[in-house]
$ cat entry_29.pdb   # PDB, C-alpha atoms, pLDDT in the B column
ATOM      1  CA  MET A1071     142.448 -89.983  99.190  1.00 46.00           C
ATOM      2  CA  ILE A1072     140.803 -93.099 100.630  1.00 50.00           C
ATOM      3  CA  PRO A1073     143.082 -95.411 102.661  1.00 49.00           C
ATOM      4  CA  THR A1074     143.787 -98.564 100.627  1.00 56.00           C
ATOM      5  CA  SER A1075     142.218-100.825 103.252  1.00 63.00           C
ATOM      6  CA  LEU A1076     138.889 -98.980 102.880  1.00 84.00           C
ATOM      7  CA  ILE A1077     138.762 -98.982  99.077  1.00 93.00           C
ATOM      8  CA  PRO A1078     136.069-101.396  97.910  1.00 96.00           C
ATOM      9  CA  ASP A1079     136.797-104.019  95.260  1.00 96.00           C
ATOM     10  CA  ALA A1080     133.419-103.547  93.589  1.00 97.00           C
ATOM     11  CA  LEU A1081     130.380-101.307  93.624  1.00 98.00           C
ATOM     12  CA  PHE A1082     126.683-101.691  92.979  1.00 98.00           C
ATOM     13  CA  ILE A1083     125.475 -98.294  91.798  1.00 98.00           C
ATOM     14  CA  PRO A1084     121.784 -97.630  91.097  1.00 97.00           C
ATOM     15  CA  GLU A1085     121.156 -97.159  87.368  1.00 96.00           C
ATOM     16  CA  ALA A1086     119.112 -94.093  88.298  1.00 95.00           C
ATOM     17  CA  SER A1087     122.444 -92.386  89.101  1.00 96.00           C
ATOM     18  CA  LYS A1088     123.228 -92.096  85.384  1.00 96.00           C
ATOM     19  CA  ARG A1089     123.128 -88.534  84.043  1.00 97.00           C
ATOM     20  CA  GLY A1090     123.344 -87.143  80.543  1.00 97.00           C
ATOM     21  CA  ARG A1091     121.675 -87.316  77.165  1.00 97.00           C
ATOM     22  CA  THR A1092     124.200 -89.425  75.295  1.00 97.00           C
ATOM     23  CA  LEU A1093     125.590 -92.868  76.100  1.00 96.00           C
ATOM     24  CA  PHE A1094     129.041 -91.314  76.561  1.00 96.00           C
ATOM     25  CA  GLU A1095     127.694 -88.777  79.076  1.00 97.00           C
ATOM     26  CA  ARG A1096     125.823 -91.470  81.000  1.00 96.00           C
ATOM     27  CA  VAL A1097     128.880 -93.760  81.169  1.00 96.00           C
ATOM     28  CA  GLU A1098     131.108 -90.868  82.240  1.00 97.00           C
ATOM     29  CA  SER A1099     128.621 -89.873  84.957  1.00 97.00           C
ATOM     30  CA  ILE A1100     128.882 -93.354  86.502  1.00 98.00           C
ATOM     31  CA  LEU A1101     132.672 -93.433  86.134  1.00 97.00           C
ATOM     32  CA  ALA A1102     132.861 -90.033  87.867  1.00 97.00           C
ATOM     33  CA  ILE A1103     131.192 -91.650  90.883  1.00 97.00           C
ATOM     34  CA  ALA A1104     132.878 -95.064  90.744  1.00 97.00           C
ATOM     35  CA  GLU A1105     136.497 -94.390  89.823  1.00 97.00           C
ATOM     36  CA  PRO A1106     137.395 -92.284  92.878  1.00 96.00           C
ATOM     37  CA  MET A1107     135.645 -94.783  95.164  1.00 96.00           C
ATOM     38  CA  LEU A1108     137.552 -97.700  93.583  1.00 97.00           C
ATOM     39  CA  GLY A1109     140.905 -95.899  93.678  1.00 95.00           C
ATOM     40  CA  VAL A1110     141.145 -95.758  89.878  1.00 96.00           C
ATOM     41  CA  ASP A1111     143.843 -93.437  88.530  1.00 93.00           C
ATOM     42  CA  ARG A1112     143.383 -92.846  84.807  1.00 90.00           C
ATOM     43  CA  THR A1113     146.801 -91.159  84.613  1.00 92.00           C
ATOM     44  CA  ARG A1114     148.311 -94.598  85.401  1.00 94.00           C
ATOM     45  CA  GLY A1115     146.152 -96.277  82.777  1.00 92.00           C
ATOM     46  CA  ASP A1116     143.628 -97.616  85.282  1.00 94.00           C
ATOM     47  CA  ARG A1117     139.924 -97.671  84.526  1.00 95.00           C
ATOM     48  CA  ALA A1118     136.662 -98.988  85.873  1.00 97.00           C
ATOM     49  CA  TYR A1119     134.348-101.396  84.058  1.00 97.00           C
ATOM     50  CA  ILE A1120     130.562-101.161  84.218  1.00 97.00           C
ATOM     51  CA  ARG A1121     128.193-104.105  83.776  1.00 96.00           C
ATOM     52  CA  ARG A1122     124.396-103.754  83.834  1.00 95.00           C
ATOM     53  CA  GLN A1123     122.671-106.259  86.081  1.00 93.00           C
ATOM     54  CA  GLY A1124     119.170-105.910  84.669  1.00 85.00           C
ATOM     55  CA  ASP A1125     117.623-105.235  88.065  1.00 91.00           C
ATOM     56  CA  GLY A1126     118.329-101.515  88.299  1.00 95.00           C
ATOM     57  CA  TRP A1127     121.934-101.923  89.428  1.00 97.00           C
ATOM     58  CA  LEU A1128     125.295-101.414  87.744  1.00 98.00           C
ATOM     59  CA  PHE A1129     128.178-103.674  88.844  1.00 98.00           C
ATOM     60  CA  VAL A1130     131.454-101.725  88.650  1.00 98.00           C
ATOM     61  CA  THR A1131     135.005-103.013  89.230  1.00 97.00           C
ATOM     62  CA  ARG A1132     138.603-102.292  88.249  1.00 96.00           C
ATOM     63  CA  ASP A1133     138.836-105.686  86.538  1.00 93.00           C
ATOM     64  CA  PRO A1134     136.649-106.517  83.518  1.00 93.00           C
ATOM     65  CA  GLN A1135     136.805-110.226  84.468  1.00 90.00           C
ATOM     66  CA  ASP A1136     135.428-109.816  87.995  1.00 92.00           C
ATOM     67  CA  THR A1137     132.162-111.590  88.711  1.00 92.00           C
ATOM     68  CA  ILE A1138     129.626-111.288  91.513  1.00 94.00           C
ATOM     69  CA  TYR A1139     129.639-115.034  92.225  1.00 93.00           C
ATOM     70  CA  PHE A1140     132.349-117.656  92.010  1.00 89.00           C
ATOM     71  CA  PRO A1141     132.459-119.233  88.523  1.00 86.00           C
ATOM     72  CA  LEU A1142     130.931-122.614  87.719  1.00 87.00           C
ATOM     73  CA  ASP A1143     134.349-124.294  87.482  1.00 88.00           C
ATOM     74  CA  SER A1144     135.240-123.273  91.046  1.00 87.00           C
ATOM     75  CA  PRO A1145     134.693-125.490  94.104  1.00 89.00           C
ATOM     76  CA  LEU A1146     132.915-122.407  95.538  1.00 90.00           C
ATOM     77  CA  ARG A1147     130.658-122.024  92.479  1.00 90.00           C
ATOM     78  CA  GLY A1148     127.595-119.894  92.923  1.00 89.00           C
ATOM     79  CA  ARG A1149     128.721-118.424  96.254  1.00 92.00           C
ATOM     80  CA  PRO A1150     129.082-114.649  96.509  1.00 93.00           C
ATOM     81  CA  ARG A1151     132.623-113.389  95.923  1.00 94.00           C
ATOM     82  CA  TYR A1152     131.952-110.155  97.838  1.00 95.00           C
ATOM     83  CA  ARG A1153     130.823-109.016 101.247  1.00 95.00           C
ATOM     84  CA  TRP A1154     128.462-106.083 100.560  1.00 96.00           C
ATOM     85  CA  ILE A1155     127.999-102.980 102.694  1.00 96.00           C
ATOM     86  CA  ASP A1156     125.116-100.612 101.980  1.00 96.00           C
ATOM     87  CA  GLY A1157     126.158 -96.949 101.928  1.00 95.00           C
ATOM     88  CA  ALA A1158     123.975 -94.048 103.038  1.00 95.00           C
ATOM     89  CA  ASP A1159     124.401 -92.708  99.488  1.00 95.00           C
ATOM     90  CA  GLY A1160     122.559 -95.730  98.022  1.00 96.00           C
ATOM     91  CA  ILE A1161     125.757 -97.322  96.694  1.00 97.00           C
ATOM     92  CA  ARG A1162     126.697-100.822  97.832  1.00 97.00           C
ATOM     93  CA  ARG A1163     130.416-101.377  98.437  1.00 97.00           C
ATOM     94  CA  GLY A1164     131.800-104.854  97.883  1.00 97.00           C
ATOM     95  CA  HIS A1165     134.906-106.265  99.491  1.00 95.00           C
ATOM     96  CA  LEU A1166     136.240-109.563  98.152  1.00 94.00           C
ATOM     97  CA  GLU A1167     135.784-112.534 100.444  1.00 89.00           C
ATOM     98  CA  THR A1168     139.080-114.068 101.565  1.00 81.00           C
ATOM     99  CA  GLU A1169     138.719-116.989  99.151  1.00 76.00           C
ATOM    100  CA  ALA A1170     138.146-114.639  96.214  1.00 73.00           C
ATOM    101  CA  ALA A1171     141.035-112.372  97.163  1.00 66.00           C
ATOM    102  CA  ASP A1172     143.338-115.414  97.220  1.00 61.00           C
ATOM    103  CA  ASP A1173     142.392-116.157  93.587  1.00 60.00           C
ATOM    104  CA  ARG A1174     143.849-112.856  92.369  1.00 55.00           C
TER     105      ARG A1174
END
$ encode --input "entry_29.pdb" --output "structure tokens"
Amino acid sequence: MIPTSLIPDALFIPEASKRGRTLFERVESILAIAEPMLGVDRTRGDRAYIRRQGDGWLFVTRDPQDTIYFPLDSPLRGRPRYRWIDGADGIRRGHLETEAADDR
């Protein structure tokens, strides 16, 4: 189990990581990577949400409302909500900036 302080709030996973012939298999292959990294526990009803970014990346979070940048109605609009760390495995781990974490 990953210590809570090291669990990222979001992931950028390369679309090339998808495996399977059907849409279900491809989604499940990404969730199999993302959910353990995000600390998702399906037995508690948790789940991860995948959004295609159109540039070869999948944005994955525990919250379907999470966004990469602050929304247009925010005083911080357009600024990144995450601090990104590139992993050796090709997955980028995002940790919410202090301002974004305070919004939760």
$ resolve_selection --input "entry_29.pdb" --expression "the PyMOL selection byres ((chain A and resi 1097-1111) around 9)" --output "ChimeraX atom specification"
/A:1071-1072,1074,1077-1081,1083,1085,1087-1090,1092-1096,1112-1120,1128,1130-1132
$ write_last_selection --input "entry_29.pdb" --atoms "C-alpha atoms" --output "tab-separated table (two decimals), in the frame of the given file"
chain	number	residue	atom	x	y	z
A	1071	MET	CA	142.45	-89.98	99.19
A	1072	ILE	CA	140.80	-93.10	100.63
A	1074	THR	CA	143.79	-98.56	100.63
A	1077	ILE	CA	138.76	-98.98	99.08
A	1078	PRO	CA	136.07	-101.40	97.91
A	1079	ASP	CA	136.80	-104.02	95.26
A	1080	ALA	CA	133.42	-103.55	93.59
A	1081	LEU	CA	130.38	-101.31	93.62
A	1083	ILE	CA	125.48	-98.29	91.80
A	1085	GLU	CA	121.16	-97.16	87.37
A	1087	SER	CA	122.44	-92.39	89.10
A	1088	LYS	CA	123.23	-92.10	85.38
A	1089	ARG	CA	123.13	-88.53	84.04
A	1090	GLY	CA	123.34	-87.14	80.54
A	1092	THR	CA	124.20	-89.42	75.30
A	1093	LEU	CA	125.59	-92.87	76.10
A	1094	PHE	CA	129.04	-91.31	76.56
A	1095	GLU	CA	127.69	-88.78	79.08
A	1096	ARG	CA	125.82	-91.47	81.00
A	1112	ARG	CA	143.38	-92.85	84.81
A	1113	THR	CA	146.80	-91.16	84.61
A	1114	ARG	CA	148.31	-94.60	85.40
A	1115	GLY	CA	146.15	-96.28	82.78
A	1116	ASP	CA	143.63	-97.62	85.28
A	1117	ARG	CA	139.92	-97.67	84.53
A	1118	ALA	CA	136.66	-98.99	85.87
A	1119	TYR	CA	134.35	-101.40	84.06
A	1120	ILE	CA	130.56	-101.16	84.22
A	1128	LEU	CA	125.30	-101.41	87.74
A	1130	VAL	CA	131.45	-101.72	88.65
A	1131	THR	CA	135.00	-103.01	89.23
A	1132	ARG	CA	138.60	-102.29	88.25
$ atom_distance --input "entry_29.pdb" --atom1 "atom CA of A:Ala1086" --atom2 "atom CA of A:Arg1162"
13.9 Å
$ residues_around --input "entry_29.pdb" --residues "stretch 1153-1156 of chain A" --least-positions-apart "2" --cutoff "9 Å" --atoms "all atoms listed in the file" --output "ChimeraX atom specification"
/A:1080-1082,1150-1151,1158-1167
$ atom_distance --input "entry_29.pdb" --atom1 "atom CA of A:Gly1157" --atom2 "atom CA of A:Leu1076"
12.9 Å
$ closest_residue --input "entry_29.pdb" --among "A:Tyr1152, A:Leu1142, A:Arg1147, A:Ala1170" --to "A:Phe1129" --atoms "all atoms listed in the file"
A:Tyr1152
$ closest_residue --input "entry_29.pdb" --among "A:Gln1123, A:Arg1091, A:Asp1133, A:Thr1168" --to "A:Leu1146" --atoms "only C-alpha atoms"
A:Thr1168
$ closest_residue --input "entry_29.pdb" --among "A:Glu1169, A:Gln1135, A:Phe1140, A:Pro1145" --to "A:Arg1121" --atoms "only C-alpha atoms"
A:Gln1135
$ decode --input "entry_29.pdb" --residues "chain A" --atoms "C-alpha atoms" --output "mmCIF file, in the first residue's frame"
data_model
loop_
_atom_site.group_PDB
_atom_site.id
_atom_site.type_symbol
_atom_site.label_atom_id
_atom_site.label_comp_id
_atom_site.auth_asym_id
_atom_site.auth_seq_id
_atom_site.Cartn_x
_atom_site.Cartn_y
_atom_site.Cartn_z
ATOM 1 C CA MET A 1071 0.000 0.000 0.000
ATOM 2 C CA ILE A 1072 1.237 3.483 -0.910
ATOM 3 C CA PRO A 1073 1.500 5.977 1.984
ATOM 4 C CA THR A 1074 -1.310 8.542 1.677
ATOM 5 C CA SER A 1075 1.127 11.444 1.367
ATOM 6 C CA LEU A 1076 2.654 9.854 -1.759
ATOM 7 C CA ILE A 1077 -0.615 9.042 -3.528
ATOM 8 C CA PRO A 1078 -1.045 11.368 -6.504
ATOM 9 C CA ASP A 1079 -4.282 13.281 -7.048
ATOM 10 C CA ALA A 1080 -4.189 12.749 -10.808
ATOM 11 C CA LEU A 1081 -2.340 10.838 -13.488
ATOM 12 C CA PHE A 1082 -1.413 11.387 -17.104
ATOM 13 C CA ILE A 1083 -1.140 7.931 -18.644
ATOM 14 C CA PRO A 1084 -0.021 7.450 -22.259
ATOM 15 C CA GLU A 1085 -2.901 6.237 -24.440
ATOM 16 C CA ALA A 1086 -0.503 3.632 -25.820
ATOM 17 C CA SER A 1087 -0.829 1.860 -22.441
ATOM 18 C CA LYS A 1088 -4.344 0.705 -23.348
ATOM 19 C CA ARG A 1089 -4.645 -3.041 -23.957
ATOM 20 C CA GLY A 1090 -7.473 -5.171 -25.262
ATOM 21 C CA ARG A 1091 -9.751 -5.593 -28.238
ATOM 22 C CA THR A 1092 -12.954 -4.163 -26.817
ATOM 23 C CA LEU A 1093 -13.645 -0.759 -25.278
ATOM 24 C CA PHE A 1094 -14.355 -2.465 -21.943
ATOM 25 C CA GLU A 1095 -10.992 -4.272 -22.015
ATOM 26 C CA ARG A 1096 -9.137 -1.075 -22.910
ATOM 27 C CA VAL A 1097 -10.828 0.926 -20.125
ATOM 28 C CA GLU A 1098 -10.172 -1.844 -17.602
ATOM 29 C CA SER A 1099 -6.504 -2.010 -18.640
ATOM 30 C CA ILE A 1100 -6.075 1.688 -17.795
ATOM 31 C CA LEU A 1101 -8.034 1.361 -14.545
ATOM 32 C CA ALA A 1102 -5.809 -1.586 -13.559
ATOM 33 C CA ILE A 1103 -2.837 0.783 -13.778
ATOM 34 C CA ALA A 1104 -4.472 3.929 -12.381
ATOM 35 C CA GLU A 1105 -6.667 2.764 -9.513
ATOM 36 C CA PRO A 1106 -3.892 1.302 -7.337
ATOM 37 C CA MET A 1107 -1.727 4.377 -7.962
ATOM 38 C CA LEU A 1108 -4.601 6.708 -6.986
ATOM 39 C CA GLY A 1109 -5.532 4.690 -3.895
ATOM 40 C CA VAL A 1110 -8.922 3.709 -5.330
ATOM 41 C CA ASP A 1111 -10.713 0.929 -3.446
ATOM 42 C CA ARG A 1112 -13.632 -0.414 -5.471
ATOM 43 C CA THR A 1113 -14.869 -2.389 -2.449
ATOM 44 C CA ARG A 1114 -15.625 0.997 -0.808
ATOM 45 C CA GLY A 1115 -17.387 2.245 -3.923
ATOM 46 C CA ASP A 1116 -14.430 4.306 -5.129
ATOM 47 C CA ARG A 1117 -13.522 4.513 -8.793
ATOM 48 C CA ALA A 1118 -11.257 6.365 -11.166
ATOM 49 C CA TYR A 1119 -12.414 8.511 -14.082
ATOM 50 C CA ILE A 1120 -10.602 8.640 -17.416
ATOM 51 C CA ARG A 1121 -10.661 11.610 -19.793
ATOM 52 C CA ARG A 1122 -8.906 11.606 -23.180
ATOM 53 C CA GLN A 1123 -6.789 14.678 -23.800
ATOM 54 C CA GLY A 1124 -6.446 14.331 -27.558
ATOM 55 C CA ASP A 1125 -2.661 14.544 -27.461
ATOM 56 C CA GLY A 1126 -1.894 10.916 -26.657
ATOM 57 C CA TRP A 1127 -2.541 11.249 -22.928
ATOM 58 C CA LEU A 1128 -5.330 10.102 -20.626
ATOM 59 C CA PHE A 1129 -6.126 12.292 -17.593
ATOM 60 C CA VAL A 1130 -7.242 10.074 -14.694
ATOM 61 C CA THR A 1131 -8.551 11.149 -11.268
ATOM 62 C CA ARG A 1132 -10.778 9.927 -8.444
ATOM 63 C CA ASP A 1133 -13.161 12.836 -9.039
ATOM 64 C CA PRO A 1134 -15.059 13.177 -12.338
ATOM 65 C CA GLN A 1135 -15.158 16.976 -11.851
ATOM 66 C CA ASP A 1136 -11.392 17.460 -11.547
ATOM 67 C CA THR A 1137 -9.784 19.619 -14.207
ATOM 68 C CA ILE A 1138 -6.183 20.151 -15.264
ATOM 69 C CA TYR A 1139 -6.436 23.946 -15.010
ATOM 70 C CA PHE A 1140 -8.391 26.218 -12.711
ATOM 71 C CA PRO A 1141 -11.852 26.986 -14.158
ATOM 72 C CA LEU A 1142 -12.688 30.231 -15.944
ATOM 73 C CA ASP A 1143 -14.745 31.520 -13.000
ATOM 74 C CA SER A 1144 -11.775 31.224 -10.629
ATOM 75 C CA PRO A 1145 -9.383 34.090 -9.830
ATOM 76 C CA LEU A 1146 -6.654 31.555 -10.751
ATOM 77 C CA ARG A 1147 -8.274 30.712 -14.107
ATOM 78 C CA GLY A 1148 -6.083 28.999 -16.633
ATOM 79 C CA ARG A 1149 -3.312 28.196 -14.143
ATOM 80 C CA PRO A 1150 -2.365 24.549 -13.640
ATOM 81 C CA ARG A 1151 -4.097 22.894 -10.685
ATOM 82 C CA TYR A 1152 -1.386 20.222 -10.398
ATOM 83 C CA ARG A 1153 2.340 19.949 -9.909
ATOM 84 C CA TRP A 1154 3.429 17.150 -12.281
ATOM 85 C CA ILE A 1155 6.214 14.636 -11.713
ATOM 86 C CA ASP A 1156 7.371 12.424 -14.576
ATOM 87 C CA GLY A 1157 7.732 8.762 -13.596
ATOM 88 C CA ALA A 1158 10.309 6.368 -15.026
ATOM 89 C CA ASP A 1159 7.337 4.259 -16.164
ATOM 90 C CA GLY A 1160 6.140 7.037 -18.514
ATOM 91 C CA ILE A 1161 3.244 8.023 -16.242
ATOM 92 C CA ARG A 1162 3.023 11.594 -14.963
ATOM 93 C CA ARG A 1163 1.834 11.947 -11.362
ATOM 94 C CA GLY A 1164 -0.050 15.089 -10.419
ATOM 95 C CA HIS A 1165 -0.299 16.544 -6.949
ATOM 96 C CA LEU A 1166 -2.805 19.347 -6.391
ATOM 97 C CA GLU A 1167 -1.299 22.773 -5.856
ATOM 98 C CA THR A 1168 -2.084 24.225 -2.429
ATOM 99 C CA GLU A 1169 -4.718 26.573 -3.857
ATOM 100 C CA ALA A 1170 -6.493 23.700 -5.610
ATOM 101 C CA ALA A 1171 -6.371 21.454 -2.556
ATOM 102 C CA ASP A 1172 -8.012 24.227 -0.512
ATOM 103 C CA ASP A 1173 -10.955 24.243 -2.958
ATOM 104 C CA ARG A 1174 -11.875 20.645 -2.117
#
